[in-house]
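File shown: final33.txt (compact mmCIF, C-alpha atoms).
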# COMPACT_ATOMS: atom_id res chain seq x y z
CA MET R 1 242.39 285.57 177.68
CA SER R 2 245.13 282.96 177.88
CA PRO R 3 246.45 281.60 174.57
CA THR R 4 245.18 278.18 173.52
CA PRO R 5 247.82 275.59 174.44
CA SER R 6 249.31 273.53 171.63
CA PHE R 7 250.46 269.92 171.62
CA ASP R 8 252.39 268.03 168.96
CA GLY R 9 250.10 265.64 167.13
CA VAL R 10 246.94 266.90 168.83
CA ARG R 11 244.54 269.67 167.95
CA TYR R 12 243.19 271.29 171.10
CA GLY R 13 240.40 273.82 171.29
CA THR R 14 237.60 274.99 173.57
CA ALA R 15 234.16 276.45 172.94
CA ASP R 16 231.03 276.77 175.06
CA GLY R 17 232.47 274.79 177.96
CA VAL R 18 233.65 271.92 175.75
CA ALA R 19 237.29 271.07 175.17
CA THR R 20 238.06 269.01 172.07
CA ILE R 21 241.18 266.89 171.96
CA ALA R 22 241.57 265.65 168.38
CA LEU R 23 244.29 263.18 167.45
CA ASP R 24 246.08 264.67 164.45
CA ARG R 25 248.70 262.36 163.00
CA PRO R 26 246.92 261.09 159.89
CA GLU R 27 250.16 259.90 158.30
CA THR R 28 250.45 257.21 161.02
CA ARG R 29 246.68 256.72 161.40
CA ASN R 30 247.11 258.25 164.85
CA ALA R 31 249.32 255.42 166.08
CA LEU R 32 249.69 255.93 169.82
CA SER R 33 253.44 256.46 170.08
CA ASP R 34 255.04 257.62 173.32
CA ASP R 35 255.23 261.16 171.98
CA LEU R 36 251.56 261.22 171.01
CA LEU R 37 250.54 259.75 174.37
CA ARG R 38 252.46 262.54 176.11
CA SER R 39 250.66 265.13 174.00
CA ILE R 40 247.27 263.59 174.81
CA ILE R 41 248.12 263.61 178.51
CA GLY R 42 249.17 267.26 178.26
CA ALA R 43 245.92 268.18 176.53
CA PHE R 44 243.83 266.41 179.16
CA ARG R 45 245.73 268.21 181.92
CA ALA R 46 245.05 271.53 180.20
CA ALA R 47 241.34 270.71 180.06
CA GLN R 48 241.38 269.65 183.70
CA GLU R 49 242.97 272.91 184.82
CA ASP R 50 240.69 275.15 182.74
CA GLU R 51 237.75 276.11 184.96
CA GLU R 52 235.69 277.07 181.90
CA VAL R 53 235.86 273.52 180.54
CA ARG R 54 233.03 271.28 181.68
CA VAL R 55 233.22 268.46 179.13
CA VAL R 56 236.01 266.92 177.07
CA VAL R 57 235.52 265.32 173.65
CA LEU R 58 238.26 262.96 172.47
CA ALA R 59 238.20 262.77 168.67
CA SER R 60 240.30 262.43 165.53
CA THR R 61 240.96 264.66 162.54
CA HIS R 62 241.18 261.61 160.27
CA PRO R 63 237.88 261.08 158.43
CA ARG R 64 237.90 257.28 158.75
CA THR R 65 240.31 256.44 161.57
CA PHE R 66 240.11 257.24 165.26
CA SER R 67 243.42 255.47 165.90
CA ALA R 68 245.11 252.29 164.72
CA GLY R 69 246.29 251.66 168.28
CA GLY R 70 249.76 251.33 169.72
CA ASP R 71 252.81 252.17 167.66
CA LEU R 72 254.00 248.81 166.32
CA ALA R 73 257.24 250.33 165.09
CA GLY R 74 257.98 251.37 168.65
CA PHE R 75 257.23 247.87 169.93
CA ALA R 76 259.92 246.38 167.68
CA SER R 77 262.45 249.21 167.93
CA GLU R 78 265.96 248.48 169.17
CA VAL R 79 266.00 250.67 172.26
CA PRO R 80 266.81 249.72 175.87
CA LEU R 81 264.11 247.81 177.70
CA THR R 82 264.11 250.52 180.39
CA THR R 83 263.10 253.06 177.73
CA LYS R 84 260.21 250.87 176.60
CA HIS R 85 259.17 250.36 180.21
CA ARG R 86 258.95 254.12 180.77
CA GLY R 87 256.76 254.38 177.68
CA ILE R 88 254.44 251.64 178.92
CA LEU R 89 253.81 253.69 182.06
CA LEU R 90 252.17 256.37 179.91
CA TRP R 91 249.14 254.11 179.32
CA PRO R 92 247.99 253.77 182.96
CA GLU R 93 248.89 257.42 183.51
CA LEU R 94 246.51 258.46 180.72
CA PHE R 95 243.75 256.06 181.75
CA THR R 96 243.96 257.21 185.37
CA LEU R 97 243.95 260.87 184.34
CA ILE R 98 240.74 260.37 182.35
CA GLY R 99 239.12 258.54 185.26
CA THR R 100 240.07 261.22 187.80
CA LEU R 101 239.62 264.23 185.51
CA GLY R 102 236.55 265.47 187.38
CA LYS R 103 234.87 266.23 184.03
CA PRO R 104 232.99 263.86 181.71
CA VAL R 105 234.91 262.60 178.69
CA VAL R 106 233.15 261.60 175.47
CA ALA R 107 234.97 259.52 172.87
CA LYS R 108 233.86 260.38 169.34
CA VAL R 109 234.68 257.46 167.04
CA GLY R 110 234.17 257.81 163.32
CA GLY R 111 236.29 254.98 161.94
CA HIS R 112 238.87 252.37 162.88
CA CYS R 113 239.43 252.17 166.63
CA LEU R 114 241.76 249.29 167.32
CA ALA R 115 243.99 247.81 170.01
CA GLY R 116 245.21 250.45 172.46
CA ALA R 117 242.85 253.00 170.94
CA PHE R 118 239.92 250.74 171.78
CA GLY R 119 241.22 250.67 175.34
CA LEU R 120 241.43 254.45 175.28
CA THR R 121 237.73 254.71 174.44
CA LEU R 122 236.94 252.26 177.25
CA ALA R 123 238.66 254.66 179.65
CA CYS R 124 236.25 257.42 178.57
CA ASP R 125 232.89 257.93 180.26
CA LEU R 126 230.76 257.79 177.13
CA VAL R 127 231.37 256.63 173.57
CA ILE R 128 229.47 257.83 170.53
CA ALA R 129 230.29 256.13 167.24
CA SER R 130 229.34 256.45 163.61
CA ASP R 131 228.01 253.47 161.73
CA ALA R 132 231.38 253.38 159.93
CA ALA R 133 233.33 252.68 163.12
CA VAL R 134 235.26 249.43 163.53
CA PHE R 135 236.57 248.15 166.85
CA GLY R 136 238.81 245.30 167.94
CA THR R 137 241.86 244.03 169.79
CA PRO R 138 243.89 242.50 166.93
CA GLU R 139 247.22 242.47 168.79
CA ILE R 140 247.36 238.67 168.97
CA ASN R 141 247.42 238.55 165.16
CA VAL R 142 250.82 240.28 165.05
CA GLY R 143 252.40 238.44 167.93
CA VAL R 144 251.47 240.93 170.65
CA PHE R 145 248.76 240.87 173.32
CA PRO R 146 246.51 243.66 174.68
CA PHE R 147 248.10 243.59 178.11
CA MET R 148 247.63 247.22 179.15
CA ILE R 149 244.01 247.49 178.07
CA GLY R 150 243.06 244.10 179.50
CA ALA R 151 242.17 245.65 182.84
CA LEU R 152 239.73 248.01 181.12
CA LEU R 153 238.25 245.22 179.01
CA TYR R 154 237.50 243.18 182.12
CA ARG R 155 235.97 246.19 183.84
CA ASN R 156 233.71 247.02 180.90
CA LEU R 157 232.71 243.61 179.58
CA PRO R 158 231.70 240.17 180.83
CA ARG R 159 234.77 237.98 181.30
CA LYS R 160 234.02 235.53 178.48
CA THR R 161 233.34 238.33 176.02
CA ALA R 162 236.55 240.17 176.91
CA THR R 163 238.56 236.97 176.68
CA GLU R 164 237.11 236.14 173.26
CA LEU R 165 238.01 239.57 171.92
CA MET R 166 241.60 239.31 173.12
CA LEU R 167 242.23 235.69 172.08
CA LEU R 168 240.65 235.83 168.63
CA GLY R 169 241.65 239.35 167.66
CA GLU R 170 238.60 239.79 165.47
CA ARG R 171 237.18 243.16 164.46
CA PHE R 172 233.55 244.16 164.93
CA ASP R 173 231.30 246.99 163.84
CA ALA R 174 229.62 249.77 165.78
CA ASP R 175 226.32 247.96 166.19
CA GLU R 176 228.09 244.99 167.77
CA ALA R 177 230.05 247.39 169.98
CA ARG R 178 226.79 248.83 171.20
CA ARG R 179 225.29 245.37 171.70
CA ILE R 180 228.14 244.27 173.98
CA GLY R 181 228.03 247.56 175.87
CA VAL R 182 231.20 249.43 174.89
CA VAL R 183 229.43 252.10 172.82
CA ASN R 184 226.55 254.24 174.07
CA ARG R 185 225.19 255.57 170.79
CA VAL R 186 225.58 254.76 167.09
CA VAL R 187 224.64 257.39 164.50
CA PRO R 188 225.00 257.72 160.72
CA HIS R 189 228.53 258.78 159.81
CA ASP R 190 227.49 262.17 158.43
CA GLU R 191 225.59 262.93 161.65
CA LEU R 192 228.44 262.15 164.04
CA ASP R 193 229.62 265.74 164.48
CA ALA R 194 226.15 267.09 165.23
CA ALA R 195 225.26 264.20 167.54
CA THR R 196 228.49 264.61 169.50
CA ASP R 197 227.98 268.37 169.80
CA ALA R 198 224.46 267.79 171.11
CA LEU R 199 225.63 265.22 173.66
CA ALA R 200 228.47 267.46 174.86
CA ALA R 201 226.07 270.39 175.18
CA GLN R 202 223.75 268.28 177.34
CA LEU R 203 226.62 267.45 179.67
CA ALA R 204 228.00 271.00 179.77
CA VAL R 205 224.86 272.48 181.36
CA LYS R 206 224.99 270.18 184.40
CA SER R 207 226.42 271.33 187.73
CA PRO R 208 230.21 271.10 187.35
CA LEU R 209 230.54 270.51 191.09
CA LEU R 210 228.09 267.61 191.24
CA MET R 211 229.49 266.24 187.98
CA ARG R 212 232.96 266.18 189.50
CA MET R 213 231.73 264.61 192.73
CA GLY R 214 229.77 262.01 190.78
CA LYS R 215 232.60 261.11 188.44
CA ASP R 216 235.05 260.85 191.35
CA ALA R 217 232.60 258.53 193.11
CA ILE R 218 232.27 256.33 190.02
CA TRP R 219 236.05 256.03 189.82
CA ARG R 220 236.70 255.34 193.50
CA GLN R 221 233.92 252.88 194.26
CA GLY R 222 234.47 250.69 191.21
CA ASP R 223 236.66 248.10 192.91
CA MET R 224 235.32 248.39 196.46
CA THR R 225 233.36 245.65 198.16
CA LEU R 226 229.62 246.28 198.14
CA GLU R 227 229.56 247.27 201.82
CA ASP R 228 232.53 249.63 201.45
CA ALA R 229 230.97 251.17 198.35
CA TRP R 230 227.74 251.89 200.21
CA ASP R 231 229.62 253.55 203.07
CA TYR R 232 231.67 255.67 200.70
CA LEU R 233 228.71 256.66 198.51
CA ARG R 234 226.66 257.57 201.57
CA SER R 235 229.39 259.97 202.64
CA GLN R 236 229.45 261.54 199.18
CA LEU R 237 225.67 262.00 199.17
CA ALA R 238 225.89 263.68 202.56
CA LEU R 239 228.50 266.07 201.14
CA ALA R 240 226.26 266.74 198.15
CA PHE R 241 223.44 267.72 200.53
CA SER R 242 225.69 270.49 201.88
CA THR R 243 226.28 272.16 198.50
CA GLU R 244 224.54 275.25 197.21
CA ASP R 245 224.18 273.63 193.79
CA ILE R 246 221.89 270.90 195.08
CA GLN R 247 219.69 273.55 196.68
CA GLU R 248 219.69 275.55 193.44
CA GLY R 249 218.87 272.48 191.38
CA VAL R 250 215.85 271.61 193.49
CA ALA R 251 214.66 275.23 193.55
CA ALA R 252 215.00 275.56 189.76
CA PHE R 253 213.04 272.33 189.26
CA LYS R 254 210.20 273.58 191.47
CA GLU R 255 210.18 276.99 189.80
CA LYS R 256 210.35 275.50 186.29
CA ARG R 257 213.46 277.45 185.28
CA ASP R 258 217.03 276.69 184.28
CA PRO R 259 219.40 276.40 187.24
CA VAL R 260 222.25 278.83 187.76
CA TRP R 261 225.13 276.81 189.12
CA LYS R 262 227.54 278.38 191.59
CA GLY R 263 229.97 275.50 191.82
CA ARG R 264 229.89 275.35 195.58
What would the structure in this file look like if it were written as structure tokens?
Amino acid sequence: MSPTPSFDGVRYGTADGVATIALDRPETRNALSDDLLRSIIGAFRAAQEDEEVRVVVLASTHPRTFSAGGDLAGFASEVPLTTKHRGILLWPELFTLIGTLGKPVVAKVGGHCLAGAFGLTLACDLVIASDAAVFGTPEINVGVFPFMIGALLYRNLPRKTATELMLLGERFDADEARRIGVVNRVVPHDELDAATDALAAQLAVKSPLLMRMGKDAIWRQGDMTLEDAWDYLRSQLALAFSTEDIQEGVAAFKEKRDPVWKGR
């Protein structure tokens, strides 16, 4: 068995087909510095390359904070602009990696999830939050603007809603996050661990091949014209028809048994 990889500022572990990437810099409230972003990217790549991993949970070790967002100290630091520009590139790299991971990603939010961290959850496939979670894009209040996550806001929310969040910088609770469609489930804070485990377990028993094909299709068709999306999705369905897993899934349904996926 290969040793579990380690990443500075991130706790990484796997069990029962689920990889957990937990932000672990409580002293900074998991501020998303360049170094922490690199660690998160490394952890996601490890999960992507591990064939035993079928689901990824993005979480935090802090009891009341998912992440305070981007590292404000880094924003104001006196370093060359070229250095800051290289750091900015880490955001789309991470968002793209999550979208093209080939495995579902669940964000587990148990507290404050602000600014860039809110954008990070929007990049995930599903979001489960405790009733203690707080969301928002407060950058405008400190003389910044949520530039890098704006693309995700506009792809997850109606335009007027996204614009209001960015211009006002107000915070909102988990119930409001669910109402506007950026959270899938809200549970009592002390039930968050169990609810997330149950959701991850549900995802982990699906066909990893069809899950990858489906997630890739979601990512690629998102900005296509309707006609192009239909053509592309038709080709993916035709490929799915050729897999052994689709045959196994149908046979297991008819025989009233659990499917045994072969991944081909």
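For the choices R:Phe147, R:Gly110, R:Met211, R:Leu167, the atom-to-atom distance to Ala195 of chain R is smallest for R:Gly110 when using all atoms listed in the file.
Remark: for Ile246 of chain R, the closest of the candidate residues R:Gly222, R:Gly119, R:Pro146, R:Pro208 is R:Pro208 (distances computed over all atoms listed in the file).
Here atom CA of Ala198 of chain R stands at a distance of 19.5 Å from atom CA of Ala174 of chain R.
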Axis-aligned box over every listed atom of segment 6-25 of chain R, padded by 8 Å per side: centre and edges in Å to one decimal, as JSON?
{"center_x": 241.7, "center_y": 269.6, "center_z": 170.5, "size_x": 37.4, "size_y": 30.4, "size_z": 31.0}
Excluding Gln247 of chain R and residues on its chain fewer than 3 positions from it, collect all residues at most 12 Å away from it, counting only C-alpha atoms, and give them as a compact mmCIF listing (two decimals) with C-alpha atoms, in the frame of the given file.
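Result written to part_19.txt:
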# COMPACT_ATOMS: atom_id res chain seq x y z
CA SER R 207 226.42 271.33 187.73
CA LEU R 210 228.09 267.61 191.24
CA ALA R 240 226.26 266.74 198.15
CA PHE R 241 223.44 267.72 200.53
CA SER R 242 225.69 270.49 201.88
CA THR R 243 226.28 272.16 198.50
CA GLU R 244 224.54 275.25 197.21
CA VAL R 250 215.85 271.61 193.49
CA ALA R 251 214.66 275.23 193.55
CA ALA R 252 215.00 275.56 189.76
CA PHE R 253 213.04 272.33 189.26
CA LYS R 254 210.20 273.58 191.47
CA PRO R 259 219.40 276.40 187.24
CA VAL R 260 222.25 278.83 187.76
CA TRP R 261 225.13 276.81 189.12
CA LYS R 262 227.54 278.38 191.59
CA GLY R 263 229.97 275.50 191.82
CA ARG R 264 229.89 275.35 195.58
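Distances here use only C-alpha atoms; by that measure, the residue among R:Ile180, R:Val187, R:Leu32, R:His62 closest to Leu120 of chain R is R:Leu32.
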Original post:
With only C-alpha atoms as the atoms that count, which of R:Phe145, R:Phe44, R:Phe135, R:Tyr12 lies nearest to Leu97 of chain R?
Top reply: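 Looking at the shortest contact to Leu97 of chain R, the residue is R:Phe44.
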Subject >> For Val109 of chain R, the nearest of the candidates R:Val57, R:Met224, R:Ala238, R:Ile140, counting only C-alpha atoms >> reply: R:Val57
**OP:** Enter the distance from atom CA of Ala201 of chain R to atom CA of Gly181 of chain R, in Å, rounded to one decimal.
**Re:**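 Taking atom CA of Ala201 of chain R and atom CA of Gly181 of chain R, their separation equals 22.9 Å.
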Original post:
How far is it from atom CA of Thr96 of chain R to atom CA of Val144 of chain R, in Å with one decimal?
Top reply: 23.2 Å
Subject >> R:Val205, R:Ala19, R:Val10, R:Ala47 ranked by distance to Ser60 of chain R, top pick (using all atoms listed in the file) >> reply: R:Val10
**OP:** List the neighbours of Ala229 of chain R out to 10 Å using only C-alpha atoms; skip same-chain residues closer than 6 positions along the sequence, and give me the result as number ranges by chain.
**Re:** R: 217-218, 220-223, 235
